[in-house]
Every structure is written in C-alpha cells, then in structure tokens.
Amino acid sequence: MNASAIRPKIGRPQFVMHPHLNFDVGSGQGRLHVINDNAGRLFNFSRRSAASDSMIDVSAANAADAKHAVSLGRRPSPGLVPFGPVISCALAAISDTDMLLLGIRDYGAGCGVDPRTPQGRAALYSLAFMLRRAAAVYLDIQDYELKAGIRSQENPDGTVTGQIFLCDTLENGAGYATHLGVAAVMQDLLEMIAQPTPREFHNRLVAPPHAEACDTSCPDCLRSYSNLAYHNLLDWRLGMDIATVALDPHTVLSLASPRWRRVAELAATTLESARPRFNRTVVAGLPAVTDGREIIIVTHPLWWTERGGQGAELRAACDEAAARGLQIDPEHGFVSVFEALRRPA
Ligand SMILES: [Zn+2]
C-alpha cells in the first residue's frame with residue numbers, strides 16, 4: 001500500500017473543549033477514518049464476472065498479476081475485464097479510539113491560519129506532527145502509536161478555523177491521547193516545542209546545525225515515512241510559531257526573529273534571481289526586490305497582506321515603499337517565504 005495515499009481524518013468529536021492560555025483542548029473517544037484514496041487516483045471497483053457478486057479493482061488486480069508473472073519469468077495472462085458498472089471510490093478504515101483536539105484562539109493582529117490555504121494547512125500540519133514527536137518523547141512511546149492530522153471547522157460568521165488532532169493508533173485507544181488532551185499536559189507539550197526546556201526538544205531544532213541547514217523540513221525535525229503525503233507542506237518554523245502563539249496571544253510573528261531571518265533573506269535571493277531587472281532592497285527591515293518602479297516584499301507566511309488587515313511590521317514596510325515612490329501590486333507585490341522557497345517564482 002502506498003503510504004503517501006493514506007490520510008487520517010476525524011469528524012466532529014462529541015467531547016467538551018476547555019479554554020487555557022490561548023488555546024482550547026479537549027479529549028475523549030472519537031471516530032477515526034483512515035482514508036486511502038490511491039494517491040488521488042481512487043480505486044475503480046467492478047464485478048469480476050456475471051457469476052460473481054464480489055467487487056475488484058480490475059486494473060490493480062491485473063497489475064499485481066503481471067508483476068507476479070514477471071517475477072516468475074512467465075508471460076502475464078490476458079487479465080480480467082471489468083464486468084458491469086465501475087464504481088470509483090476511496091477506502092476508509094474506521095475505528096473508535098482515544099483522541100484529543102487542539103484549537104488556537106487568537107493569532108494576533110495581522111495574522112491568521114486558514115486551513116483552506118496551503119500556508120494555513122502547512123502551519124497546522126507542522127504543529128500536528130511536531131506535537132506527535134513531542135508527545136512520543138513525553139510519554140516515551142513510538143511516533144507510530146499516535147496518528148496526527150487536522151480538521152476544519154466552519155464558524156457561524158463564515159470563517160473557517162483549523163484544529164489539530166492526535167489519536168491513539170490502537171483501536172479503542174491506549175489512553176495516550178486522553179492523557180495528552182489535559183490542558184496542563186498540552187501546555188507542557190507546546191512549551192517543549194516553543195521554548196527551551198530540559199527535554200531539549202526546542203533547543204535541538206533552533207541550534208545552528210539544524211536551523212542553518214533546514215529551510216523548510218527534514219527527517220531531523222518533521223519528515224517521516226508516515227507523513228510522506230505532507231512533506232512538501234511541512235515547515236518547522238511555522239509549527240514552532242503557532243505553538244508560541246497558542247501559549248501567548250501577545251506573540252508577534254516577525255520575520256526579523258532569529259528563526260526566520262536567514263530564510264527570509266534566502267527568499268529574497270530566490271525572487272531576485274528569477275527577475276533579471278530586479279535588485280535587492282530593504283523596506284522597514286523587510287527584505288524585498290525592486291526594479292526602481294515596483295517592489296515585491298517578502299512576507300511571513302501567516303501574515304494577512306490585504307490593506308487594512310496588515311500587522312505593524314508589514315504596514316511599516318508598505319508605508320516606506322510608498323514614501324520611496326515604489327508601487328506594490330496587490331496580487332503579486334507580496335511573496336511569502338513559504339511560496340518563495342517552494343515555488344521558485
Ligand atoms: Zn529540519
């Protein structure tokens with residue numbers, strides 16, 4: 001089975017969420033769906049013959065037969081032909097288990113995490129998989145004993161917020177997630193990620209050997225075989241940022257922080273090399289590129305860039321750009337570090 005196709009999902013669990021610091025956390029029994037969509041291609045089931053009611057994915061069965069025949073040095077047989085209508089679907093393994101749910105209440109002025117955007121999903125999945133690693137250290141268990149993922153919640157005002165879940169891999173639960181879903185324990189886990197602690201979880205990530213080598217994610221911080229489907233999204237800086245916000249709503253997510261400075265510079269270098277007429281500049285401390293008429297400003301992936309929604313750091317940069325007579329295209333004038341490093345522009 002292709003691990004990149006497998007995604008754990010949960011519905012709306014029935015347990016109560018408890019507010020603590022800048023997050024809500026709750027835990028209890030819930031239903032876990034592990035979806036296998038065949039890497040987005042789905043499975044195509046049909047009856048194998050008029051005489052049989054059993055359903056089979058004919059092309060998958062033929063491919064497996066052909067592979068087997070080749071391994072024996074034989075010629076593949078002609079193969080099956082679908083009989084009757086073909087049903088396209090994903091497969092779901094459904095189980096009831098222990099789970100916890102974590103939501104962050106307030107991301108602060110000028111910032112947000114929308115699970116409908118790639119950078120919003122990136123932040124949430126990154127914290128989900130970081131929490132799983134921190135929890136494994138905390139409980140002295142293996143990563144695979146917990147499953148991690150996110151769910152979206154539609155709010156009455158039409159906005160969508162993302163929540164993070166961890167659940168026990170074992171059917172009916174082993175009690176890990178319910179223990180981790182207590183507010184004080186969740187605070188410990190978030191502190192392991194966001195701050196230096198005796199467990200040295202945070203320290204190892206921000207230390208130069210990792211921080212200077214890892215632009216987004218690597219096996220040392222976030223990537224593992226079990227989250228192959230999300231490797232391109234994962235970013236330890238984003239996970240650490242929103243863990244910090246969860247502990248303190250007054251956190252200001254800044255590109256000038258030691259965590260972001262190097263990759264923000266790298267993003268500007270990427271933008272410059274993709275645009276022959278543009279040169280590096282700095283506006284109110286933010287790296288940018290300009291051709292003397294237009295300016296493109298490097299932004300934090302979780303910043304709102306629309307006029308009126310901007311936080312102080314970006315507003316100051318826009319003001320300085322305007323004072324220098326430089327134009328900012330509302331569509332293309334802002335490129336986040338996330339976009340610059342993943343999609344060479
Ligand atoms: Zn890394």
# chains A, B, ... in the order shown; residues from 1 in each chain; ligands from 1
call {"tool": "residues_near_ligand", "arguments": {"ligand": "ligand 1", "cutoff": "12 Å", "atoms": "only C-alpha atoms and all ligand atoms", "output": "PyMOL selection string"}}
result
chain A and resi 126+130+202+204-224+231+234-240
call {"tool": "residues_around", "arguments": {"residues": "stretch 44-59 of chain A", "least_positions_apart": "4", "cutoff": "8 Å", "atoms": "only C-alpha atoms", "output": "JSON, numbers by chain"}}
result
{"A": [63, 80, 81, 82, 83, 84, 85, 86, 87, 88, 89]}
call {"tool": "write_last_selection", "arguments": {"atoms": "C-alpha atoms", "output": "CSV table (one decimal), in the first residue's frame"}}
result
chain,number,residue,atom,x,y,z
A,63,ALA,CA,-1.1,-5.0,-12.5
A,80,LEU,CA,-9.5,-9.5,-16.2
A,81,VAL,CA,-12.0,-7.2,-17.9
A,82,PRO,CA,-14.4,-5.1,-15.7
A,83,PHE,CA,-18.0,-6.5,-15.7
A,84,GLY,CA,-20.9,-4.1,-15.3
A,85,PRO,CA,-20.7,-0.6,-13.9
A,86,VAL,CA,-17.4,0.6,-12.4
A,87,ILE,CA,-17.6,2.3,-9.0
A,88,SER,CA,-14.8,4.8,-8.2
A,89,CYS,CA,-14.2,5.3,-4.5
call {"tool": "select_by_dssp", "arguments": {"residues": "stretch 204-341 of chain A", "states": "strand (DSSP E or B)", "output": "list in words"}}
result
Asn279, Arg280, Thr281, Val282, Val283, Leu286, Pro287, Ala288, Val289, Thr290, Glu294, Ile295, Ile296, Ile297, Val298, Thr299, Trp303, Gln327, Phe334, Val335 and Ser336 of chain A
call {"tool": "write_last_selection", "arguments": {"atoms": "N, CA and C atoms", "output": "PDB file, in the first residue's frame"}}
result
ATOM      1  N   ASN A 279      16.476  44.209  -8.186  1.00  0.00           N
ATOM      2  CA  ASN A 279      17.605  44.132  -7.256  1.00  0.00           C
ATOM      3  C   ASN A 279      17.100  44.102  -5.823  1.00  0.00           C
ATOM      4  N   ARG A 280      17.952  43.593  -4.929  1.00  0.00           N
ATOM      5  CA  ARG A 280      17.593  43.504  -3.526  1.00  0.00           C
ATOM      6  C   ARG A 280      17.473  44.885  -2.903  1.00  0.00           C
ATOM      7  N   THR A 281      16.513  45.005  -1.992  1.00  0.00           N
ATOM      8  CA  THR A 281      16.416  46.209  -1.179  1.00  0.00           C
ATOM      9  C   THR A 281      15.811  45.794   0.168  1.00  0.00           C
ATOM     10  N   VAL A 282      15.680  46.758   1.064  1.00  0.00           N
ATOM     11  CA  VAL A 282      15.074  46.503   2.368  1.00  0.00           C
ATOM     12  C   VAL A 282      14.072  47.615   2.623  1.00  0.00           C
ATOM     13  N   VAL A 283      12.830  47.246   3.039  1.00  0.00           N
ATOM     14  CA  VAL A 283      11.863  48.286   3.423  1.00  0.00           C
ATOM     15  C   VAL A 283      11.436  48.045   4.864  1.00  0.00           C
ATOM     16  N   LEU A 286      12.227  44.735   6.183  1.00  0.00           N
ATOM     17  CA  LEU A 286      11.821  43.536   5.448  1.00  0.00           C
ATOM     18  C   LEU A 286      12.589  43.412   4.133  1.00  0.00           C
ATOM     19  N   PRO A 287      13.093  42.197   3.845  1.00  0.00           N
ATOM     20  CA  PRO A 287      13.767  42.007   2.561  1.00  0.00           C
ATOM     21  C   PRO A 287      12.770  42.163   1.416  1.00  0.00           C
ATOM     22  N   ALA A 288      13.241  42.738   0.297  1.00  0.00           N
ATOM     23  CA  ALA A 288      12.371  42.982  -0.843  1.00  0.00           C
ATOM     24  C   ALA A 288      13.233  43.053  -2.103  1.00  0.00           C
ATOM     25  N   VAL A 289      12.550  43.049  -3.259  1.00  0.00           N
ATOM     26  CA  VAL A 289      13.255  43.281  -4.529  1.00  0.00           C
ATOM     27  C   VAL A 289      12.510  44.375  -5.285  1.00  0.00           C
ATOM     28  N   THR A 290      13.272  45.181  -6.037  1.00  0.00           N
ATOM     29  CA  THR A 290      12.647  46.285  -6.773  1.00  0.00           C
ATOM     30  C   THR A 290      13.357  46.531  -8.103  1.00  0.00           C
ATOM     31  N   GLU A 294       8.535  49.255  -9.201  1.00  0.00           N
ATOM     32  CA  GLU A 294       7.675  48.315  -8.482  1.00  0.00           C
ATOM     33  C   GLU A 294       8.492  47.671  -7.375  1.00  0.00           C
ATOM     34  N   ILE A 295       7.801  47.203  -6.320  1.00  0.00           N
ATOM     35  CA  ILE A 295       8.524  46.487  -5.258  1.00  0.00           C
ATOM     36  C   ILE A 295       7.772  45.210  -4.902  1.00  0.00           C
ATOM     37  N   ILE A 296       8.523  44.162  -4.620  1.00  0.00           N
ATOM     38  CA  ILE A 296       7.935  42.911  -4.136  1.00  0.00           C
ATOM     39  C   ILE A 296       8.532  42.642  -2.757  1.00  0.00           C
ATOM     40  N   ILE A 297       7.655  42.544  -1.765  1.00  0.00           N
ATOM     41  CA  ILE A 297       8.093  42.440  -0.377  1.00  0.00           C
ATOM     42  C   ILE A 297       7.954  40.998   0.102  1.00  0.00           C
ATOM     43  N   VAL A 298       8.976  40.497   0.764  1.00  0.00           N
ATOM     44  CA  VAL A 298       8.940  39.148   1.349  1.00  0.00           C
ATOM     45  C   VAL A 298       8.141  39.215   2.654  1.00  0.00           C
ATOM     46  N   THR A 299       7.161  38.316   2.792  1.00  0.00           N
ATOM     47  CA  THR A 299       6.302  38.342   3.976  1.00  0.00           C
ATOM     48  C   THR A 299       6.366  37.033   4.750  1.00  0.00           C
ATOM     49  N   TRP A 303       1.008  36.060   7.620  1.00  0.00           N
ATOM     50  CA  TRP A 303       0.543  37.456   7.631  1.00  0.00           C
ATOM     51  C   TRP A 303      -0.584  37.664   6.641  1.00  0.00           C
ATOM     52  N   GLN A 327       5.695  51.134  -6.244  1.00  0.00           N
ATOM     53  CA  GLN A 327       4.340  50.582  -6.308  1.00  0.00           C
ATOM     54  C   GLN A 327       4.310  49.139  -5.835  1.00  0.00           C
ATOM     55  N   PHE A 334       3.397  40.874  -2.838  1.00  0.00           N
ATOM     56  CA  PHE A 334       3.836  40.217  -1.600  1.00  0.00           C
ATOM     57  C   PHE A 334       4.094  38.742  -1.912  1.00  0.00           C
ATOM     58  N   VAL A 335       5.250  38.246  -1.539  1.00  0.00           N
ATOM     59  CA  VAL A 335       5.525  36.816  -1.699  1.00  0.00           C
ATOM     60  C   VAL A 335       6.013  36.309  -0.348  1.00  0.00           C
ATOM     61  N   SER A 336       5.312  35.296   0.181  1.00  0.00           N
ATOM     62  CA  SER A 336       5.711  34.797   1.496  1.00  0.00           C
ATOM     63  C   SER A 336       6.933  33.897   1.351  1.00  0.00           C
TER      64      SER A 336
END
call {"tool": "select_by_dssp", "arguments": {"residues": "stretch 140-306 of chain A", "states": "alpha helix (DSSP H)", "output": "PyMOL selection string"}}
result
chain A and resi 176-180+183-194+201-206+208-211+236-247+258-274
call {"tool": "atom_distance", "arguments": {"atom1": "atom CA of A:Asn38", "atom2": "atom CA of A:Ala148"}}
result
19.6 Å
call {"tool": "closest_atom_pairs", "arguments": {"of": "stretch 150-244 of chain A", "to": "stretch 140-144 of chain A", "cutoff": "9 Å", "atoms": "only C-alpha atoms", "output": "JSON lines"}}
result
{"residue": "A:Asp168", "atom": "CA", "partner": "A:Tyr144", "partner_atom": "CA", "distance": 9.0}
{"residue": "A:Thr169", "atom": "CA", "partner": "A:Tyr144", "partner_atom": "CA", "distance": 7.2}
{"residue": "A:Ser226", "atom": "CA", "partner": "A:Tyr144", "partner_atom": "CA", "distance": 7.8}
call {"tool": "write_last_selection", "arguments": {"atoms": "C-alpha atoms", "output": "mmCIF file, in the first residue's frame"}}
result
data_model
loop_
_atom_site.group_PDB
_atom_site.id
_atom_site.type_symbol
_atom_site.label_atom_id
_atom_site.label_comp_id
_atom_site.auth_asym_id
_atom_site.auth_seq_id
_atom_site.Cartn_x
_atom_site.Cartn_y
_atom_site.Cartn_z
ATOM 1 C CA ASP A 168 -4.200 6.582 19.531
ATOM 2 C CA THR A 169 -3.356 4.228 16.685
ATOM 3 C CA SER A 226 4.180 8.124 7.863
#
call {"tool": "closest_residue", "arguments": {"among": "A:Leu21, A:Ile104, A:Val70, A:Ala284", "to": "A:Thr161", "atoms": "only C-alpha atoms"}}
result
A:Ile104
call {"tool": "atom_distance", "arguments": {"atom1": "atom CA of A:Thr97", "atom2": "atom CA of A:Gln29"}}
result
5.4 Å
call {"tool": "residues_around", "arguments": {"residues": "A:Ala174", "least_positions_apart": "2", "cutoff": "12 Å", "atoms": "only C-alpha atoms", "output": "ChimeraX atom specification"}}
result
/A:28-29,96-99,139,141,145-146,167-172,176-180
call {"tool": "closest_residue", "arguments": {"among": "A:Ile150, A:Ala92, A:Val137, A:Ala64", "to": "A:Ile10", "atoms": "only C-alpha atoms"}}
result
A:Ile150
call {"tool": "atom_distance", "arguments": {"atom1": "atom CA of A:Arg151", "atom2": "atom CA of A:Gln163"}}
result
5.3 Å
call {"tool": "closest_residue", "arguments": {"among": "A:Gly175, A:His68, A:Ala90, A:Ala60", "to": "A:Gly40", "atoms": "only C-alpha atoms"}}
result
A:Ala90
call {"tool": "residues_around", "arguments": {"residues": "A:Val16", "least_positions_apart": "2", "cutoff": "8 Å", "atoms": "only C-alpha atoms", "output": "compact mmCIF listing (two decimals) with C-alpha atoms, in the first residue's frame"}}
result
# COMPACT_ATOMS: atom_id res chain seq x y z
CA GLN A 14 -18.57 15.00 20.99
CA HIS A 18 -11.54 23.55 27.65
CA GLY A 26 -10.43 18.51 24.70
CA SER A 27 -10.17 14.74 24.61
call {"tool": "residues_around", "arguments": {"residues": "A:Leu302", "least_positions_apart": "6", "cutoff": "12 Å", "atoms": "only C-alpha atoms", "output": "JSON, numbers by chain"}}
result
{"A": [107, 108, 109, 110, 111, 112, 113, 114, 115, 117, 118, 119, 120, 121, 122, 123, 124, 237, 238, 239, 241, 242, 245, 252, 253, 254, 255, 309, 310, 311, 314, 335, 336, 337, 338, 339]}
call {"tool": "write_last_selection", "arguments": {"atoms": "C-alpha atoms", "output": "PDB file, in the first residue's frame"}}
result
ATOM      1  CA  TYR A 107      -3.369  34.561  16.088  1.00  0.00           C
ATOM      2  CA  GLY A 108      -2.951  38.271  16.773  1.00  0.00           C
ATOM      3  CA  ALA A 109      -3.331  41.394  14.658  1.00  0.00           C
ATOM      4  CA  GLY A 110      -2.409  40.948  11.008  1.00  0.00           C
ATOM      5  CA  CYS A 111      -2.010  37.159  11.250  1.00  0.00           C
ATOM      6  CA  GLY A 112      -4.197  34.166  10.591  1.00  0.00           C
ATOM      7  CA  VAL A 113      -4.226  30.461   9.846  1.00  0.00           C
ATOM      8  CA  ASP A 114      -6.855  29.467   7.293  1.00  0.00           C
ATOM      9  CA  PRO A 115      -6.871  25.706   6.611  1.00  0.00           C
ATOM     10  CA  THR A 117      -4.780  27.978   2.155  1.00  0.00           C
ATOM     11  CA  PRO A 118      -1.547  25.981   1.645  1.00  0.00           C
ATOM     12  CA  GLN A 119       0.342  28.036   4.241  1.00  0.00           C
ATOM     13  CA  GLY A 120      -2.509  27.644   6.769  1.00  0.00           C
ATOM     14  CA  ARG A 121      -2.522  23.871   6.265  1.00  0.00           C
ATOM     15  CA  ALA A 122       1.282  23.895   6.441  1.00  0.00           C
ATOM     16  CA  ALA A 123       1.253  25.586   9.866  1.00  0.00           C
ATOM     17  CA  LEU A 124      -1.412  23.254  11.263  1.00  0.00           C
ATOM     18  CA  ARG A 237       9.345  27.366  11.747  1.00  0.00           C
ATOM     19  CA  LEU A 238       5.579  27.574  11.185  1.00  0.00           C
ATOM     20  CA  GLY A 239       4.858  24.778  13.686  1.00  0.00           C
ATOM     21  CA  ASP A 241       5.440  29.873  15.573  1.00  0.00           C
ATOM     22  CA  ILE A 242       1.874  28.741  16.166  1.00  0.00           C
ATOM     23  CA  VAL A 245       1.008  31.809  19.725  1.00  0.00           C
ATOM     24  CA  VAL A 252       4.168  38.887  17.396  1.00  0.00           C
ATOM     25  CA  LEU A 253       5.130  36.729  14.409  1.00  0.00           C
ATOM     26  CA  SER A 254       8.065  38.612  12.939  1.00  0.00           C
ATOM     27  CA  LEU A 255      10.362  37.916  10.015  1.00  0.00           C
ATOM     28  CA  GLY A 309      -5.628  43.700   7.541  1.00  0.00           C
ATOM     29  CA  GLN A 310      -1.888  44.126   7.755  1.00  0.00           C
ATOM     30  CA  GLY A 311       0.091  43.912  11.003  1.00  0.00           C
ATOM     31  CA  LEU A 314       4.140  44.913   7.036  1.00  0.00           C
ATOM     32  CA  VAL A 335       5.525  36.816  -1.699  1.00  0.00           C
ATOM     33  CA  SER A 336       5.711  34.797   1.496  1.00  0.00           C
ATOM     34  CA  VAL A 337       8.814  32.864   2.480  1.00  0.00           C
ATOM     35  CA  PHE A 338       6.674  29.736   2.131  1.00  0.00           C
ATOM     36  CA  GLU A 339       5.869  30.471  -1.532  1.00  0.00           C
TER      37      GLU A 339
END
call {"tool": "residues_around", "arguments": {"residues": "A:Asp188", "least_positions_apart": "3", "cutoff": "10 Å", "atoms": "only C-alpha atoms", "output": "PDB file with C-alpha atoms, in the first residue's frame"}}
result
ATOM      1  CA  ALA A 134       6.945  15.857  21.406  1.00  0.00           C
ATOM      2  CA  ALA A 135       4.248  13.524  22.785  1.00  0.00           C
ATOM      3  CA  TYR A 138       6.940  12.960  26.701  1.00  0.00           C
ATOM      4  CA  LEU A 180      -2.232  14.424  26.439  1.00  0.00           C
ATOM      5  CA  ALA A 183      -4.810  21.429  29.444  1.00  0.00           C
ATOM      6  CA  ALA A 184      -1.717  21.329  31.699  1.00  0.00           C
ATOM      7  CA  VAL A 185      -0.169  18.473  29.694  1.00  0.00           C
ATOM      8  CA  GLU A 191       6.370  24.569  25.761  1.00  0.00           C
ATOM      9  CA  MET A 192       8.643  21.713  24.658  1.00  0.00           C
ATOM     10  CA  ILE A 193       8.163  22.951  21.078  1.00  0.00           C
ATOM     11  CA  ALA A 194       8.147  26.718  21.646  1.00  0.00           C
ATOM     12  CA  THR A 197      13.128  23.081  28.253  1.00  0.00           C
ATOM     13  CA  LEU A 247       0.820  29.780  24.683  1.00  0.00           C
TER      14      LEU A 247
END
